>>> print(open('work-v3.cif').read())   # mmCIF, C-alpha atoms
data_work
#
loop_
_atom_site.label_atom_id
_atom_site.label_comp_id
_atom_site.auth_asym_id
_atom_site.auth_seq_id
_atom_site.Cartn_x
_atom_site.Cartn_y
_atom_site.Cartn_z
CA MET A 191 -0.68 13.72 -5.58
CA ASN A 192 1.18 13.21 -8.82
CA PRO A 193 -0.63 15.36 -11.44
CA ALA A 194 0.17 12.84 -14.16
CA GLN A 195 -1.57 10.05 -12.27
CA LYS A 196 -5.22 9.17 -12.75
CA ASP A 197 -7.61 6.43 -11.72
CA ASN A 198 -6.49 2.97 -12.87
CA SER A 199 -3.35 3.95 -14.75
CA HIS A 200 -1.65 0.72 -15.93
CA LEU A 201 -4.78 -1.25 -15.11
CA ALA A 202 -3.43 -4.61 -16.29
CA ALA A 203 -0.49 -4.45 -13.85
CA LYS A 204 -2.76 -3.52 -10.96
CA VAL A 205 -5.18 -6.32 -11.75
CA ALA A 206 -2.38 -8.90 -12.07
CA LEU A 207 -0.98 -8.14 -8.61
CA ARG A 208 -4.37 -8.24 -6.94
CA ARG A 209 -5.41 -11.49 -8.59
CA ARG A 210 -2.14 -13.14 -7.52
CA LEU A 211 -2.77 -12.18 -3.91
CA VAL A 212 -6.41 -13.25 -3.98
CA GLY A 213 -5.42 -16.61 -5.48
CA LEU A 214 -2.87 -17.32 -2.76
CA LEU A 215 -5.12 -16.11 0.04
CA SER A 216 -8.03 -18.17 -1.30
CA ALA A 217 -5.91 -21.31 -0.91
CA GLY A 218 -5.69 -20.71 2.84
CA PRO A 219 -8.25 -21.63 5.49
CA ALA A 220 -9.60 -18.11 6.06
CA ALA A 221 -12.09 -16.31 3.83
CA VAL A 222 -10.65 -13.46 1.77
CA ARG A 223 -11.92 -10.16 3.18
CA VAL A 224 -10.73 -6.97 1.50
CA LEU A 225 -10.33 -3.42 2.79
CA GLU A 226 -9.98 -1.03 -0.16
CA THR A 227 -8.77 2.39 1.01
CA HIS A 228 -8.94 4.24 -2.33
CA ALA A 229 -11.94 2.78 -4.14
CA GLY A 230 -12.20 5.35 -6.92
CA GLU A 231 -14.69 4.38 -9.59
CA GLY A 232 -14.75 0.75 -8.43
CA ARG A 233 -13.06 -0.88 -11.43
CA LEU A 234 -10.46 -2.78 -9.42
CA ARG A 235 -13.15 -4.04 -7.07
CA ALA A 236 -15.18 -5.30 -10.02
CA LEU A 237 -12.21 -6.91 -11.79
CA CYS A 238 -10.43 -8.44 -8.80
CA TYR A 239 -12.77 -8.87 -5.86
CA GLY A 240 -16.02 -10.14 -7.32
CA GLY A 241 -17.90 -12.34 -4.87
CA LEU A 242 -15.61 -11.41 -1.96
CA ASP A 243 -16.39 -9.56 1.25
CA VAL A 244 -15.13 -6.03 0.47
CA LEU A 245 -15.24 -2.77 2.41
CA SER A 246 -14.48 0.08 0.00
CA VAL A 247 -13.53 3.56 1.19
CA ASP A 248 -12.89 6.78 -0.72
CA ILE A 249 -12.83 10.44 0.24
CA ARG A 250 -14.56 11.30 -3.04
CA GLN A 251 -18.32 11.61 -2.72
CA ASP A 252 -18.88 10.20 -6.21
CA ALA A 253 -17.10 6.89 -5.52
CA PRO A 254 -19.80 4.21 -5.94
CA ASP A 255 -20.58 1.64 -3.24
CA ALA A 256 -18.01 3.11 -0.88
CA VAL A 257 -17.85 4.64 2.57
CA HIS A 258 -17.11 8.31 1.87
CA CYS A 259 -14.43 9.44 4.30
CA ASP A 260 -10.69 9.86 4.68
CA SER A 261 -9.49 6.27 4.99
CA ARG A 262 -6.65 7.36 7.29
CA LEU A 263 -9.24 8.47 9.85
CA LEU A 264 -11.05 5.16 9.49
CA LEU A 265 -7.82 3.21 10.00
CA ARG A 266 -7.24 5.14 13.22
CA SER A 267 -10.77 4.51 14.46
CA LYS A 268 -11.40 1.76 17.00
CA THR A 269 -14.76 1.16 15.34
CA LEU A 270 -12.95 -0.53 12.44
CA ASP A 271 -12.09 -4.16 13.20
CA ILE A 272 -8.91 -4.47 11.14
CA ALA A 273 -8.44 -8.07 12.31
CA ARG A 274 -11.26 -9.28 10.06
CA PHE A 275 -9.46 -8.28 6.84
CA THR A 276 -7.00 -10.57 5.10
CA LEU A 277 -6.10 -8.16 2.29
CA VAL A 278 -5.66 -4.39 2.37
CA ASP A 279 -5.60 -2.57 -0.98
CA ILE A 280 -3.95 0.87 -0.87
CA ASP A 281 -4.22 2.33 -4.37
CA ALA A 282 -3.08 5.83 -3.46
CA TYR A 283 -2.15 8.52 -5.99
CA GLY A 284 0.99 9.47 -4.11
CA LYS A 285 2.46 8.02 -0.91
CA PRO A 286 0.75 4.94 0.57
CA TRP A 287 3.10 4.79 3.54
CA GLU A 288 0.95 6.48 6.19
CA HIS A 289 -1.79 3.97 5.39
CA VAL A 290 0.71 1.09 5.53
CA TRP A 291 2.01 2.26 8.90
CA LEU A 292 -1.52 2.63 10.28
CA VAL A 293 -2.43 -0.89 9.14
CA SER A 294 0.73 -2.26 10.79
CA GLN A 295 -0.25 -0.62 14.08
CA ARG A 296 -3.76 -2.08 14.04
CA LYS A 297 -3.29 -5.53 12.52
CA GLN A 298 -2.42 -8.01 15.24
CA ARG A 299 -0.19 -10.88 14.17
CA VAL A 300 -1.76 -14.32 14.48
CA ALA A 301 0.60 -17.28 14.11
CA GLY A 302 0.21 -18.88 10.70
CA GLU A 303 -2.28 -16.31 9.38
CA LEU A 304 -1.82 -15.09 5.80
CA PHE A 305 -2.21 -11.38 5.17
CA GLY A 306 -1.85 -9.46 1.92
CA LEU A 307 -1.01 -5.85 1.13
CA VAL A 308 -1.10 -4.25 -2.31
CA MET A 309 0.19 -0.68 -2.70
CA THR A 310 0.56 2.04 -5.32
CA SER A 311 3.52 4.36 -4.71
CA GLY A 312 3.91 7.53 -6.76
CA ASP A 313 6.87 8.96 -4.85
CA SER A 314 9.82 6.86 -6.03
CA GLY A 315 10.49 7.89 -9.60
CA GLN A 316 12.57 10.43 -11.44
CA LEU A 317 10.30 13.33 -10.52
CA ALA A 318 10.76 12.64 -6.82
CA ALA A 319 14.54 12.59 -7.29
CA ARG A 320 14.51 16.37 -7.70
CA ASN A 321 14.02 16.70 -3.96
CA SER A 322 17.41 17.06 -2.35
CA ASN A 323 16.71 15.18 0.86
CA LEU A 324 14.14 12.99 2.57
CA ARG A 325 12.60 15.81 4.59
CA ARG A 326 11.91 17.86 1.47
CA ALA A 327 10.54 14.75 -0.22
CA GLY A 328 7.88 14.56 2.48
CA TRP A 329 9.22 11.68 4.57
CA SER A 330 7.77 11.41 8.07
CA THR A 331 9.76 10.70 11.21
CA GLN A 332 8.43 7.11 11.21
CA MET A 333 9.59 6.58 7.63
CA ALA A 334 13.14 7.75 8.27
CA ALA A 335 13.38 5.85 11.56
CA ALA A 336 12.12 2.65 9.91
CA LEU A 337 15.09 2.60 7.57
CA GLY A 338 17.56 3.92 10.12
CA VAL A 339 18.40 7.05 8.11
CA ASP A 340 18.50 10.75 8.83
CA ALA A 341 15.93 13.07 7.24
CA ALA A 342 18.82 14.98 5.67
CA THR A 343 19.83 11.89 3.64
CA SER A 344 19.72 12.38 -0.13
CA HIS A 345 16.44 11.20 -1.60
CA LYS A 346 18.23 9.81 -4.66
CA TRP A 347 19.01 6.62 -2.71
CA PHE A 348 15.31 5.77 -2.63
CA THR A 349 14.36 6.43 -6.25
CA GLY A 350 14.36 4.19 -9.32
CA ARG A 351 13.67 0.47 -9.11
CA ARG A 352 16.38 -0.46 -6.63
CA GLY A 353 15.68 2.48 -4.33
CA ALA A 354 11.90 2.08 -4.49
CA GLU A 355 12.12 -1.61 -3.57
CA ARG A 356 14.62 -0.93 -0.79
CA LYS A 357 12.27 1.63 0.70
CA ALA A 358 9.07 -0.42 0.41
CA GLN A 359 10.62 -3.64 1.69
CA GLY A 360 12.29 -1.75 4.52
CA PHE A 361 9.01 -0.25 5.68
CA ILE A 362 7.26 -3.62 5.65
CA ALA A 363 10.08 -5.28 7.59
CA ALA A 364 10.26 -2.48 10.19
CA TRP A 365 6.55 -1.99 10.74
CA PHE A 366 5.21 -5.55 10.47
CA THR A 367 7.45 -6.96 13.16
CA GLY A 368 7.22 -10.71 13.65
CA TRP A 369 5.62 -11.29 10.24
CA HIS A 370 7.38 -13.36 7.56
CA VAL A 371 7.42 -12.23 3.93
CA GLU A 372 6.14 -15.18 1.89
CA ARG A 373 5.98 -13.43 -1.50
CA TRP A 374 6.94 -10.01 -2.86
CA TRP A 375 6.11 -8.47 -6.23
CA SER A 376 6.86 -5.12 -7.82
CA ILE A 377 5.89 -3.64 -11.18
CA CYS A 378 6.99 -0.30 -12.62
CA GLY A 379 4.01 1.78 -13.71
CA GLY A 380 6.02 4.56 -15.38
CA LYS A 381 8.67 7.12 -14.45
CA SER A 382 7.22 7.93 -11.04
CA VAL A 383 4.84 5.09 -10.14
CA TRP A 384 5.51 1.68 -8.63
CA TYR A 385 3.10 -1.11 -7.71
CA PHE A 386 3.99 -3.42 -4.83
CA ALA A 387 2.30 -6.46 -3.37
CA VAL A 388 3.35 -8.56 -0.42
CA LEU A 389 2.02 -11.75 1.15
CA LEU A 390 2.83 -11.97 4.86
CA ARG A 391 2.53 -14.90 7.24
CA GLY A 392 2.04 -14.35 10.95
#
>>> encode(input="work-v3.cif", output="structure tokens")
Amino acid sequence: MNPAQKDNSHLAAKVALRRRLVGLLSAGPAAVRVLETHAGEGRLRALCYGGLDVLSVDIRQDAPDAVHCDSRLLLRSKTLDIARFTLVDIDAYGKPWEHVWLVSQRKQRVAGELFGLVMTSGDSGQLAARNSNLRRAGWSTQMAAALGVDAATSHKWFTGRRGAERKAQGFIAAWFTGWHVERWWSICGGKSVWYFAVLLRG
């Protein structure tokens, strides 16, 4: 967790990305159903997902109208029908990539289906660049393998705007095999935070 980060930093940027995705998904034939993995105080749900079918999750016991558990455990559970969701919102403080990988393993591709992901990444800025290599920066084996790099590779190649986008787009391409990227957005939320959104078509 980035100590400088707090709930709903750069709220306008977060809201803009989510509303774009909801607008495009609403134009399709399927109902928009949202899985929110880091619900927090519920502001994004109220501002972006009003009237939609939303399942909100947060490990914090004070998160209102949410299932209180570690969302990574829920994503691994066979009791969660991931197929029913058309948008997954991963507003993590730090790295969203374990969640993204878990979603990619559970979400079956259906030809022509639209699927949206919105992510907060706090591991791609100048602070993260102090780590000398990917292993020390906390990269998993799946992350390194997805981009075809060694864990000893310098982390500087995946920081700043160009590096952050290269990493995020690489993970999506490697993990969501067979899906086509319809739209991609990124917004800088400060020195160490990036917001990404992607619309995929099966």
>>> resolve_selection(input="work-v3.cif", expression="the PyMOL selection byres ((chain A and resi 245) around 9)", output="PyMOL selection string")
chain A and resi 223-227+243-244+246-247+255-257
>>> write_last_selection(input="work-v3.cif", atoms="C-alpha atoms", output="mmCIF file, in the frame of the given file")
data_model
loop_
_atom_site.group_PDB
_atom_site.id
_atom_site.type_symbol
_atom_site.label_atom_id
_atom_site.label_comp_id
_atom_site.auth_asym_id
_atom_site.auth_seq_id
_atom_site.Cartn_x
_atom_site.Cartn_y
_atom_site.Cartn_z
ATOM 1 C CA ARG A 223 -11.920 -10.160 3.180
ATOM 2 C CA VAL A 224 -10.730 -6.970 1.500
ATOM 3 C CA LEU A 225 -10.330 -3.420 2.790
ATOM 4 C CA GLU A 226 -9.980 -1.030 -0.160
ATOM 5 C CA THR A 227 -8.770 2.390 1.010
ATOM 6 C CA ASP A 243 -16.390 -9.560 1.250
ATOM 7 C CA VAL A 244 -15.130 -6.030 0.470
ATOM 8 C CA SER A 246 -14.480 0.080 0.000
ATOM 9 C CA VAL A 247 -13.530 3.560 1.190
ATOM 10 C CA ASP A 255 -20.580 1.640 -3.240
ATOM 11 C CA ALA A 256 -18.010 3.110 -0.880
ATOM 12 C CA VAL A 257 -17.850 4.640 2.570
#
>>> resolve_selection(input="work-v3.cif", expression="the PyMOL selection byres ((chain A and resi 304) around 9)", output="ChimeraX atom specification")
/A:214-215,218,220,276-277,300-303,305-306,372,389-392
>>> closest_residue(input="work-v3.cif", among="A:Met333, A:Leu242, A:Val308, A:Ile362", to="Ser376 in chain A", atoms="all atoms listed in the file")
A:Val308
>>> closest_residue(input="work-v3.cif", among="A:Gly360, A:Gln251, A:His370, A:Ile377", to="Val290 in chain A", atoms="all atoms listed in the file")
A:Gly360
>>> atom_distance(input="work-v3.cif", atom1="CA of Gly241 in chain A", atom2="CA of Leu211 in chain A")
15.2 Å
>>> residues_around(input="work-v3.cif", residues="Arg356 in chain A", least_positions_apart="6", cutoff="10 Å", atoms="only C-alpha atoms", output="PDB file with C-alpha atoms, in the frame of the given file")
ATOM      1  CA  LEU A 337      15.090   2.600   7.570  1.00  0.00           C
ATOM      2  CA  TRP A 347      19.010   6.620  -2.710  1.00  0.00           C
ATOM      3  CA  PHE A 348      15.310   5.770  -2.630  1.00  0.00           C
ATOM      4  CA  THR A 349      14.360   6.430  -6.250  1.00  0.00           C
ATOM      5  CA  GLY A 350      14.360   4.190  -9.320  1.00  0.00           C
TER       6      GLY A 350
END
>>> resolve_selection(input="work-v3.cif", expression="the PyMOL selection byres ((chain A and resi 273) around 8)", output="compact mmCIF listing (two decimals) with C-alpha atoms, in the coordinates of the input")
# COMPACT_ATOMS: atom_id res chain seq x y z
CA ASP A 271 -12.09 -4.16 13.20
CA ILE A 272 -8.91 -4.47 11.14
CA ARG A 274 -11.26 -9.28 10.06
CA PHE A 275 -9.46 -8.28 6.84
CA THR A 276 -7.00 -10.57 5.10
CA ARG A 296 -3.76 -2.08 14.04
CA LYS A 297 -3.29 -5.53 12.52
CA GLN A 298 -2.42 -8.01 15.24
>>> residues_around(input="work-v3.cif", residues="Thr343 in chain A", least_positions_apart="5", cutoff="12 Å", atoms="all atoms listed in the file", output="JSON, numbers by chain")
{"A": [321, 322, 323, 324, 325, 326, 327, 329, 334, 335, 337, 338, 348]}
>>> closest_residue(input="work-v3.cif", among="A:Ala358, A:Leu263, A:Ala236, A:Ser311", to="Asp248 in chain A", atoms="all atoms listed in the file")
A:Leu263
>>> residues_around(input="work-v3.cif", residues="Gly240 in chain A", least_positions_apart="5", cutoff="12 Å", atoms="all atoms listed in the file", output="ChimeraX atom specification")
/A:208-209,212,222-224,232-235
>>> atom_distance(input="work-v3.cif", atom1="CA of Ser261 in chain A", atom2="CA of Leu292 in chain A")
10.2 Å
>>> closest_residue(input="work-v3.cif", among="A:Ile249, A:Ala202, A:Pro254, A:Ala354", to="Leu237 in chain A", atoms="only C-alpha atoms")
A:Ala202
>>> atom_distance(input="work-v3.cif", atom1="CA of Cys378 in chain A", atom2="CA of Asp252 in chain A")
28.6 Å
>>> closest_residue(input="work-v3.cif", among="A:Asp260, A:Glu355, A:Asp340, A:Glu231", to="His289 in chain A", atoms="only C-alpha atoms")
A:Asp260
>>> decode(input="work-v3.cif", residues="range 245-373 of chain A", atoms="C-alpha atoms", output="CSV table (one decimal), in the first residue's frame")
chain,number,residue,atom,x,y,z
A,245,LEU,CA,-21.6,-6.6,-6.0
A,246,SER,CA,-19.3,-4.6,-3.7
A,247,VAL,CA,-16.5,-6.2,-1.7
A,248,ASP,CA,-14.0,-4.8,0.8
A,249,ILE,CA,-11.8,-6.3,3.5
A,250,ARG,CA,-12.7,-3.4,5.7
A,251,GLN,CA,-15.5,-4.1,8.1
A,252,ASP,CA,-16.7,-0.5,8.0
A,253,ALA,CA,-17.3,-0.5,4.2
A,254,PRO,CA,-21.0,0.1,3.7
A,255,ASP,CA,-23.2,-2.2,1.7
A,256,ALA,CA,-20.3,-4.5,0.9
A,257,VAL,CA,-19.4,-8.2,1.4
A,258,HIS,CA,-16.6,-8.0,4.0
A,259,CYS,CA,-13.8,-10.3,2.9
A,260,ASP,CA,-10.6,-10.4,1.0
A,261,SER,CA,-11.7,-10.0,-2.6
A,262,ARG,CA,-8.8,-12.2,-3.9
A,263,LEU,CA,-10.3,-15.1,-1.9
A,264,LEU,CA,-13.7,-14.4,-3.4
A,265,LEU,CA,-12.3,-14.3,-6.9
A,266,ARG,CA,-10.7,-17.7,-6.3
A,267,SER,CA,-14.0,-19.2,-5.0
A,268,LYS,CA,-16.2,-21.3,-7.3
A,269,THR,CA,-19.2,-19.9,-5.5
A,270,LEU,CA,-18.7,-16.6,-7.3
A,271,ASP,CA,-20.1,-16.7,-10.8
A,272,ILE,CA,-17.7,-14.3,-12.6
A,273,ALA,CA,-19.5,-14.9,-15.9
A,274,ARG,CA,-22.4,-12.7,-14.8
A,275,PHE,CA,-20.3,-9.6,-14.5
A,276,THR,CA,-19.7,-7.3,-17.4
A,277,LEU,CA,-17.5,-4.8,-15.6
A,278,VAL,CA,-14.9,-5.4,-12.8
A,279,ASP,CA,-13.7,-2.4,-10.8
A,280,ILE,CA,-10.3,-2.9,-9.1
A,281,ASP,CA,-9.6,0.3,-7.2
A,282,ALA,CA,-6.6,-1.1,-5.2
A,283,TYR,CA,-4.3,1.1,-3.2
A,284,GLY,CA,-1.2,-0.6,-4.6
A,285,LYS,CA,-0.9,-3.4,-7.2
A,286,PRO,CA,-4.2,-4.5,-8.9
A,287,TRP,CA,-2.4,-7.2,-10.9
A,288,GLU,CA,-3.2,-10.3,-8.8
A,289,HIS,CA,-6.9,-9.4,-9.0
A,290,VAL,CA,-6.6,-8.8,-12.8
A,291,TRP,CA,-4.9,-12.2,-13.2
A,292,LEU,CA,-7.5,-13.9,-11.1
A,293,VAL,CA,-10.3,-12.4,-13.2
A,294,SER,CA,-8.6,-13.5,-16.4
A,295,GLN,CA,-8.5,-17.1,-15.1
A,296,ARG,CA,-12.2,-17.1,-14.2
A,297,LYS,CA,-13.8,-15.0,-17.0
A,298,GLN,CA,-14.7,-17.2,-19.9
A,299,ARG,CA,-14.5,-15.5,-23.3
A,300,VAL,CA,-17.8,-15.4,-25.2
A,301,ALA,CA,-17.7,-14.4,-28.8
A,302,GLY,CA,-18.9,-10.8,-29.2
A,303,GLU,CA,-19.3,-10.2,-25.5
A,304,LEU,CA,-18.2,-6.8,-24.2
A,305,PHE,CA,-16.3,-6.8,-20.9
A,306,GLY,CA,-14.8,-3.9,-19.0
A,307,LEU,CA,-12.0,-3.6,-16.5
A,308,VAL,CA,-11.0,-0.4,-14.6
A,309,MET,CA,-7.9,-0.5,-12.4
A,310,THR,CA,-5.9,1.7,-10.0
A,311,SER,CA,-2.2,1.0,-10.0
A,312,GLY,CA,0.1,2.5,-7.4
A,313,ASP,CA,3.3,0.7,-8.3
A,314,SER,CA,4.4,2.5,-11.5
A,315,GLY,CA,5.6,5.9,-10.4
A,316,GLN,CA,8.9,7.5,-9.3
A,317,LEU,CA,8.7,5.9,-5.8
A,318,ALA,CA,8.6,2.4,-7.3
A,319,ALA,CA,11.6,3.2,-9.5
A,320,ARG,CA,13.9,3.1,-6.4
A,321,ASN,CA,13.6,-0.7,-6.5
A,322,SER,CA,16.5,-2.0,-8.5
A,323,ASN,CA,14.8,-5.0,-10.2
A,324,LEU,CA,11.4,-6.5,-10.7
A,325,ARG,CA,11.7,-9.1,-7.9
A,326,ARG,CA,12.5,-6.4,-5.4
A,327,ALA,CA,9.6,-4.4,-6.7
A,328,GLY,CA,7.2,-7.3,-5.8
A,329,TRP,CA,6.6,-8.8,-9.2
A,330,SER,CA,5.2,-12.3,-9.2
A,331,THR,CA,6.3,-15.1,-11.5
A,332,GLN,CA,3.1,-14.6,-13.6
A,333,MET,CA,3.8,-10.9,-14.0
A,334,ALA,CA,7.3,-11.4,-15.3
A,335,ALA,CA,6.3,-14.3,-17.5
A,336,ALA,CA,3.5,-12.3,-19.0
A,337,LEU,CA,5.9,-9.8,-20.4
A,338,GLY,CA,8.6,-12.2,-21.2
A,339,VAL,CA,11.2,-10.7,-18.9
A,340,ASP,CA,13.4,-12.0,-16.2
A,341,ALA,CA,12.8,-11.0,-12.5
A,342,ALA,CA,16.2,-9.5,-12.4
A,343,THR,CA,15.3,-6.9,-15.1
A,344,SER,CA,15.5,-3.3,-14.0
A,345,HIS,CA,12.2,-2.0,-12.7
A,346,LYS,CA,12.9,1.4,-14.3
A,347,TRP,CA,11.6,0.1,-17.7
A,348,PHE,CA,8.1,-0.2,-16.2
A,349,THR,CA,7.8,3.2,-14.4
A,350,GLY,CA,6.6,6.5,-15.7
A,351,ARG,CA,3.8,6.9,-18.2
A,352,ARG,CA,5.4,4.8,-21.0
A,353,GLY,CA,6.5,2.0,-18.7
A,354,ALA,CA,3.2,1.9,-16.8
A,355,GLU,CA,1.2,1.6,-20.0
A,356,ARG,CA,3.6,-1.0,-21.4
A,357,LYS,CA,3.2,-3.1,-18.3
A,358,ALA,CA,-0.6,-2.8,-18.0
A,359,GLN,CA,-1.3,-3.4,-21.7
A,360,GLY,CA,1.1,-6.3,-21.6
A,361,PHE,CA,-0.7,-8.0,-18.7
A,362,ILE,CA,-4.1,-7.6,-20.4
A,363,ALA,CA,-2.8,-9.0,-23.7
A,364,ALA,CA,-1.1,-12.0,-22.0
A,365,TRP,CA,-3.8,-12.9,-19.6
A,366,PHE,CA,-7.0,-12.2,-21.6
A,367,THR,CA,-6.0,-14.5,-24.5
A,368,GLY,CA,-8.5,-14.4,-27.4
A,369,TRP,CA,-10.0,-11.1,-26.3
A,370,HIS,CA,-9.8,-8.0,-28.5
A,371,VAL,CA,-9.0,-4.6,-27.0
A,372,GLU,CA,-11.7,-2.2,-28.2
A,373,ARG,CA,-10.8,0.8,-26.1
